[in-house]
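**Student:** You'll find entry-v4.cif just under this line, and it carries mmCIF, C-alpha atoms.
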```cif
data_data
loop_
_atom_site.label_atom_id
_atom_site.label_comp_id
_atom_site.auth_asym_id
_atom_site.auth_seq_id
_atom_site.Cartn_x
_atom_site.Cartn_y
_atom_site.Cartn_z
CA MET A 55 0.00 0.00 0.00
CA PRO A 56 1.43 3.42 -0.90
CA ARG A 57 2.70 5.40 2.03
CA ASN A 58 0.60 8.49 1.24
CA LEU A 59 -2.62 6.45 1.19
CA LEU A 60 -1.77 4.94 4.58
CA VAL A 61 -1.25 8.40 6.06
CA VAL A 62 -4.61 9.54 4.70
CA GLN A 63 -6.44 6.55 6.20
CA LEU A 64 -4.83 7.12 9.60
CA ALA A 65 -5.87 10.78 9.52
CA VAL A 66 -9.45 9.83 8.68
CA ARG A 67 -9.58 7.35 11.53
CA LEU A 68 -8.14 9.86 14.01
CA THR A 69 -10.69 12.42 12.89
CA ALA A 70 -13.52 9.91 13.44
CA VAL A 71 -12.21 9.12 16.94
CA VAL A 72 -12.00 12.81 17.82
CA LEU A 73 -15.55 13.43 16.59
CA LEU A 74 -16.82 10.44 18.59
CA LEU A 75 -15.15 11.64 21.79
CA ALA A 76 -16.51 15.16 21.24
CA SER A 77 -20.05 13.75 20.78
CA VAL A 78 -19.78 11.74 24.02
CA ALA A 79 -18.56 14.81 25.90
CA VAL A 80 -21.46 16.91 24.61
CA ARG A 81 -24.00 14.25 25.65
CA ALA A 82 -22.45 13.92 29.09
CA GLY A 83 -22.57 17.68 29.56
CA ALA A 84 -26.19 17.80 28.46
CA GLN A 85 -27.20 15.05 30.90
CA GLN A 86 -25.33 16.56 33.88
CA PRO A 87 -27.78 18.67 35.94
CA THR A 88 -26.87 22.30 36.36
CA GLN A 89 -26.25 23.48 39.91
CA PRO A 90 -28.77 26.16 40.98
CA GLN A 91 -27.33 29.50 41.96
CA VAL A 92 -27.76 30.33 45.63
CA LYS A 93 -27.98 33.98 46.60
CA VAL A 94 -27.55 34.88 50.26
CA ASN A 95 -28.63 38.28 51.58
CA LEU A 96 -27.14 39.28 54.93
CA LEU A 97 -29.33 41.72 56.86
CA ASN A 98 -27.70 44.22 59.18
CA VAL A 99 -30.59 44.42 61.64
CA CYS A 100 -28.56 46.38 64.19
CA ALA A 101 -27.57 49.18 61.81
CA PRO A 102 -29.74 49.36 58.66
CA SER A 103 -28.65 51.63 55.82
CA ALA A 104 -29.98 55.15 55.36
CA GLU A 105 -32.22 53.95 52.52
CA ASP A 106 -33.65 51.17 54.69
CA GLN A 107 -34.30 53.66 57.49
CA LYS A 108 -36.29 55.82 55.09
CA GLU A 109 -38.41 52.83 54.06
CA ILE A 110 -39.13 51.96 57.68
CA ALA A 111 -40.06 55.55 58.52
CA SER A 112 -42.32 55.77 55.45
CA ALA A 113 -44.15 52.54 56.30
CA LEU A 114 -44.70 53.58 59.93
CA ALA A 115 -46.00 57.00 58.85
CA ARG A 116 -48.60 55.38 56.56
CA VAL A 117 -50.24 53.41 59.37
CA PRO A 118 -53.61 55.14 60.01
CA LYS A 119 -53.91 56.61 63.49
CA GLN A 120 -57.72 56.71 63.43
CA PRO A 121 -58.68 53.88 61.06
CA LEU A 122 -62.11 52.99 59.79
CA PHE A 123 -62.59 49.30 60.52
CA GLY A 124 -64.96 47.06 58.62
CA SER A 125 -67.58 44.97 60.36
CA ASP A 126 -65.57 41.72 60.09
CA PHE A 127 -63.28 40.77 62.95
CA GLU A 128 -61.69 37.73 64.53
CA ILE A 129 -60.62 36.82 68.06
CA ASP A 130 -58.75 33.54 68.64
CA ARG A 131 -57.07 32.04 71.64
CA GLY A 132 -55.14 28.85 72.29
CA ARG A 133 -52.21 27.02 73.77
CA SER A 134 -49.37 25.92 71.47
CA SER A 135 -46.16 23.98 71.73
CA LEU A 136 -43.16 26.27 71.60
CA GLU A 137 -41.55 23.94 69.06
CA GLU A 138 -44.61 24.16 66.78
CA SER A 139 -45.93 27.63 67.52
CA PRO A 140 -47.90 29.49 64.81
CA ASN A 141 -46.04 31.96 62.61
CA PHE A 142 -47.38 34.95 64.46
CA LEU A 143 -45.76 33.65 67.66
CA GLN A 144 -42.29 33.31 66.14
CA PRO A 145 -40.06 35.58 68.25
CA GLY A 146 -37.63 38.06 66.81
CA GLN A 147 -33.96 38.30 67.65
CA SER A 148 -34.58 40.21 70.87
CA ALA A 149 -37.31 37.94 72.28
CA GLN A 150 -36.43 34.84 74.27
CA MET A 151 -38.96 32.05 74.49
CA SER A 152 -38.94 29.83 77.54
CA GLU A 153 -36.89 26.65 77.55
CA ASP A 154 -38.42 25.44 80.83
CA SER A 155 -41.99 25.09 79.57
CA SER A 156 -43.20 23.33 76.44
CA THR A 157 -46.27 25.51 75.83
CA ALA A 158 -47.31 29.12 75.43
CA ALA A 159 -50.78 30.64 75.72
CA TRP A 160 -51.74 33.12 73.03
CA VAL A 161 -54.50 35.48 71.93
CA ARG A 162 -54.98 36.87 68.42
CA ILE A 163 -57.18 39.76 67.27
CA ARG A 164 -57.76 40.61 63.60
CA ARG A 165 -59.65 43.54 62.07
CA GLU A 166 -60.18 44.67 58.48
CA PHE A 167 -59.65 48.21 57.25
CA SER A 168 -62.05 50.04 54.98
CA VAL A 169 -61.35 49.91 51.24
CA GLN A 170 -59.68 53.33 51.09
CA ALA A 171 -56.85 52.30 53.40
CA MET A 172 -53.43 51.21 52.15
CA PHE A 173 -53.55 48.22 54.50
CA SER A 174 -56.19 45.52 54.24
CA THR A 175 -55.99 43.96 57.70
CA VAL A 176 -54.25 44.40 61.04
CA GLN A 177 -53.47 41.40 63.21
CA TYR A 178 -52.49 41.73 66.87
CA SER A 179 -51.04 38.74 68.74
CA PHE A 180 -50.04 38.29 72.37
CA SER A 181 -48.22 35.22 73.69
CA VAL A 182 -47.05 34.38 77.19
CA ASP A 183 -45.01 31.57 78.70
CA PRO A 184 -43.29 31.28 82.08
CA LYS A 185 -40.28 33.27 80.87
CA SER A 186 -41.48 36.01 78.52
CA MET A 187 -44.40 37.82 76.92
CA VAL A 188 -44.37 38.85 73.25
CA GLU A 189 -46.60 41.29 71.40
CA THR A 190 -46.74 41.22 67.59
CA LEU A 191 -48.60 43.66 65.36
CA VAL A 192 -48.81 42.91 61.62
CA PHE A 193 -50.26 45.20 58.92
CA HIS A 194 -50.97 43.50 55.59
CA VAL A 195 -50.89 45.67 52.45
CA ARG A 196 -54.00 45.55 50.27
CA ASP A 197 -52.26 45.72 46.87
CA PRO A 198 -48.64 44.66 47.41
CA LYS A 199 -46.33 46.10 44.78
CA ASP A 200 -43.16 46.68 46.76
CA LEU A 201 -44.18 46.46 50.42
CA MET A 202 -46.15 43.35 51.48
CA ASP A 203 -46.55 43.77 55.22
CA LEU A 204 -45.23 45.67 58.23
CA THR A 205 -44.49 43.85 61.50
CA ILE A 206 -43.76 45.43 64.89
CA GLU A 207 -42.77 43.40 67.93
CA ASP A 208 -42.05 44.05 71.57
CA SER A 209 -41.41 41.76 74.52
CA ALA A 210 -41.17 41.79 78.29
CA SER A 211 -40.24 39.46 81.10
CA ALA A 212 -43.02 37.31 82.50
CA VAL A 213 -42.21 38.39 86.06
CA THR A 214 -45.18 40.76 85.70
CA SER A 215 -48.72 40.00 84.53
CA PRO A 216 -50.07 40.44 80.99
CA ALA A 217 -52.48 43.10 82.28
CA ALA A 218 -49.58 45.08 83.77
CA MET A 219 -47.62 44.86 80.51
CA LEU A 220 -50.62 46.00 78.47
CA ALA A 221 -51.15 48.97 80.79
CA THR A 222 -47.74 50.43 79.92
CA THR A 223 -46.02 51.46 76.69
CA THR A 224 -43.55 48.64 76.09
CA PRO A 225 -40.72 49.80 73.80
CA ALA A 226 -40.72 48.18 70.38
CA SER A 227 -37.83 45.78 69.92
CA ARG A 228 -38.15 44.83 66.25
CA VAL A 229 -39.56 46.35 63.05
CA LYS A 230 -39.70 44.36 59.81
CA LEU A 231 -40.78 45.22 56.28
CA GLU A 232 -41.59 42.21 54.10
CA ARG A 233 -41.09 43.27 50.47
CA PHE A 234 -42.24 41.73 47.20
CA GLY A 235 -39.33 40.22 45.26
CA LYS A 236 -36.73 41.84 47.53
CA SER A 237 -35.01 41.06 50.78
CA SER A 238 -36.68 42.17 54.00
CA VAL A 239 -35.79 45.36 55.84
CA VAL A 240 -35.31 44.83 59.57
CA LEU A 241 -34.41 47.02 62.52
CA ALA A 242 -33.94 45.30 65.88
CA ARG A 243 -32.59 46.26 69.26
CA CYS A 244 -29.24 44.53 69.70
CA SER A 245 -27.64 43.69 73.02
CA ALA A 246 -24.07 42.93 74.02
CA THR A 247 -22.56 39.62 72.98
CA GLU A 248 -19.41 37.67 73.74
CA ALA A 249 -17.82 39.30 70.70
CA GLY A 250 -18.29 42.83 71.99
CA PRO A 251 -20.49 45.43 73.68
CA ALA A 252 -23.93 46.49 72.51
CA PRO A 253 -23.83 48.74 69.42
CA ASP A 254 -24.80 52.38 69.65
CA GLN A 255 -28.35 52.55 68.25
CA SER A 256 -29.23 56.06 69.41
CA ALA A 257 -29.60 57.16 65.79
CA TYR A 258 -32.52 54.74 65.35
CA GLU A 259 -34.39 55.72 68.51
CA PRO A 260 -36.92 57.90 66.59
CA LEU A 261 -37.90 54.82 64.56
CA PHE A 262 -38.26 52.69 67.68
CA GLN A 263 -40.36 55.41 69.35
CA SER A 264 -42.62 55.69 66.30
CA ALA A 265 -43.11 51.91 66.24
CA SER A 266 -43.86 51.88 69.99
CA SER A 267 -46.51 54.57 69.50
CA VAL A 268 -48.19 52.51 66.76
CA VAL A 269 -48.41 49.44 69.04
CA SER A 270 -49.71 51.51 71.96
CA ASN A 271 -52.37 53.12 69.77
CA TYR A 272 -53.61 49.83 68.30
CA ARG A 273 -53.74 48.20 71.72
CA THR A 274 -56.48 50.71 72.49
CA LEU A 275 -58.16 50.57 69.07
CA LEU A 276 -58.39 46.76 69.17
CA GLY A 277 -59.39 46.59 72.82
CA ALA A 278 -56.38 44.40 73.64
CA LYS A 279 -56.01 45.76 77.17
CA HIS A 280 -59.25 44.06 78.19
CA THR A 281 -59.62 41.28 75.62
CA VAL A 282 -56.20 39.67 76.12
CA PRO A 283 -56.42 39.18 79.93
CA ASP A 284 -60.01 37.90 79.60
CA GLU A 285 -59.13 35.39 76.87
CA LEU A 286 -56.01 34.21 78.72
CA ALA A 287 -58.16 33.63 81.81
CA ARG A 288 -60.53 31.50 79.71
CA ILE A 289 -57.57 29.38 78.56
CA GLU A 290 -56.61 28.73 82.18
CA THR A 291 -60.17 27.72 83.03
CA GLY A 292 -60.54 25.33 80.11
CA GLY A 293 -62.32 27.67 77.70
CA THR A 294 -65.11 28.87 79.97
CA LYS A 295 -65.49 32.21 81.60
CA PRO A 296 -64.21 32.25 85.17
CA LYS A 297 -67.05 32.02 87.66
CA PRO A 298 -67.56 35.00 89.93
CA PRO A 299 -67.13 34.35 93.65
CA PRO A 300 -70.35 33.18 95.33
CA LYS A 301 -72.40 35.80 97.12
CA LEU A 302 -72.47 35.37 100.87
CA ALA A 303 -75.83 35.39 102.60
CA PRO A 304 -76.27 38.18 105.13
CA ARG A 305 -75.23 37.14 108.59
CA LYS A 306 -78.16 36.59 110.94
CA PRO A 307 -77.74 38.06 114.36
CA PRO A 308 -77.69 35.50 117.18
CA ALA A 309 -80.81 35.03 119.27
CA GLY A 310 -81.21 37.65 121.91
CA ASP A 311 -79.42 40.41 119.95
CA LYS A 312 -81.40 43.54 119.23
#
```
As structure tokens, how would this structure be written, given the file I've shared?

**Tutor:**
Amino acid sequence: MPRNLLVVQLAVRLTAVVLLLASVAVRAGAQQPTQPQVKVNLLNVCAPSAEDQKEIASALARVPKQPLFGSDFEIDRGRSSLEESPNFLQPGQSAQMSEDSSTAAWVRIRREFSVQAMFSTVQYSFSVDPKSMVETLVFHVRDPKDLMDLTIEDSASAVTSPAAMLATTTPASRVKLERFGKSSVVLARCSATEAGPAPDQSAYEPLFQSASSVVSNYRTLLGAKHTVPDELARIETGGTKPKPPPKLAPRKPPAGDK
């Protein structure tokens, strides 16, 4: 066989092998699943940016101080396991749920705003366990475009009674804006840790004060000061209203007395 013809045949065979290997590689790449991209957003809840502060201030300012409520309302009460508590009982960073007890008693009040309001509903929740009490106020936006809901939370030690906590203005400890298609905006009171002292949050005190005023106002508007203690008492008595103490019959004077 001529030498030139042998070289040509070898070249053809090598080309066929290269094409075969390339085809196998393409098929293997097509069958290999692509790894999804994971995007992690880190929230600086102790020191939000200036833009985030403006969003929080704007949302708080749009909460109606004298709302027109619709006729629909809801009042719920219950006892839940701390490991499986409803979403509205989930504590924020500043709240500490009890580790000594497995349950928490809670009361929830919901009212609807009139159609002209930016928010559709307001939901107030109060939970108590042997260690802490947590208040949560959530405003749901009627037509969410950017903002979806506004959440304000405060907490106190359970060394006092729920009625005593509701009679005072408990400082707000956490404000959260849930946004549509964006990361949340959060401002929370931060305490000292093992890594260092508590950060200086004096610049955010006006926002905390505004949030505290909103909670205090809606406590009154929703009748929480009276409803919450009454409903918690019904939980302790098995769902029935506590019986009033029996009336004592008037004492009869002994014989011979005038």

**Student:** Pick from A:Ala249, A:Ala101, A:Ile110, A:Ile289: nearest to A:Val229, with only C-alpha atoms counted?

**Tutor:**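 Closest residue, counting only C-alpha atoms: A:Ile110.
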
**Student:** How many Å lie between atom CA of A:Gln170 and atom CA of A:Asp203, rounded to one decimal?

**Tutor:**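 Taking atom CA of A:Gln170 as the start and atom CA of A:Asp203 as the end point, the length is 16.8 Å.
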
**Student:** Check the smallest atom-to-atom distance from each of A:Val239, A:Pro283, A:Ala278, A:Arg165 to A:Ser125 using all atoms listed in the file, then report the winner.

**Tutor:**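 Using all atoms listed in the file, the shortest distance to A:Ser125 belongs to A:Arg165.
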
**Student:** Of the candidates A:Cys100, A:Ser168, A:Phe173, A:Tyr178, which one gets nearest to A:Lys279 if we count all atoms listed in the file?

**Tutor:**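 Between A:Cys100, A:Ser168, A:Phe173, A:Tyr178, the residue approaching A:Lys279 most closely is A:Tyr178.
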
**Student:** Given the file shown, enumerate the residues that the PyMOL selection byres ((chain A and resi 112) around 12) captures and present them as a list in words.

**Tutor:**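 Written out, the selection comes to Glu105, Asp106, Gln107, Lys108, Glu109, Ile110, Ala111, Ala113, Leu114, Ala115, Arg116, Val117, Leu201, Leu204, Leu231, Leu261, Ser264 and Ala265 of chain A.
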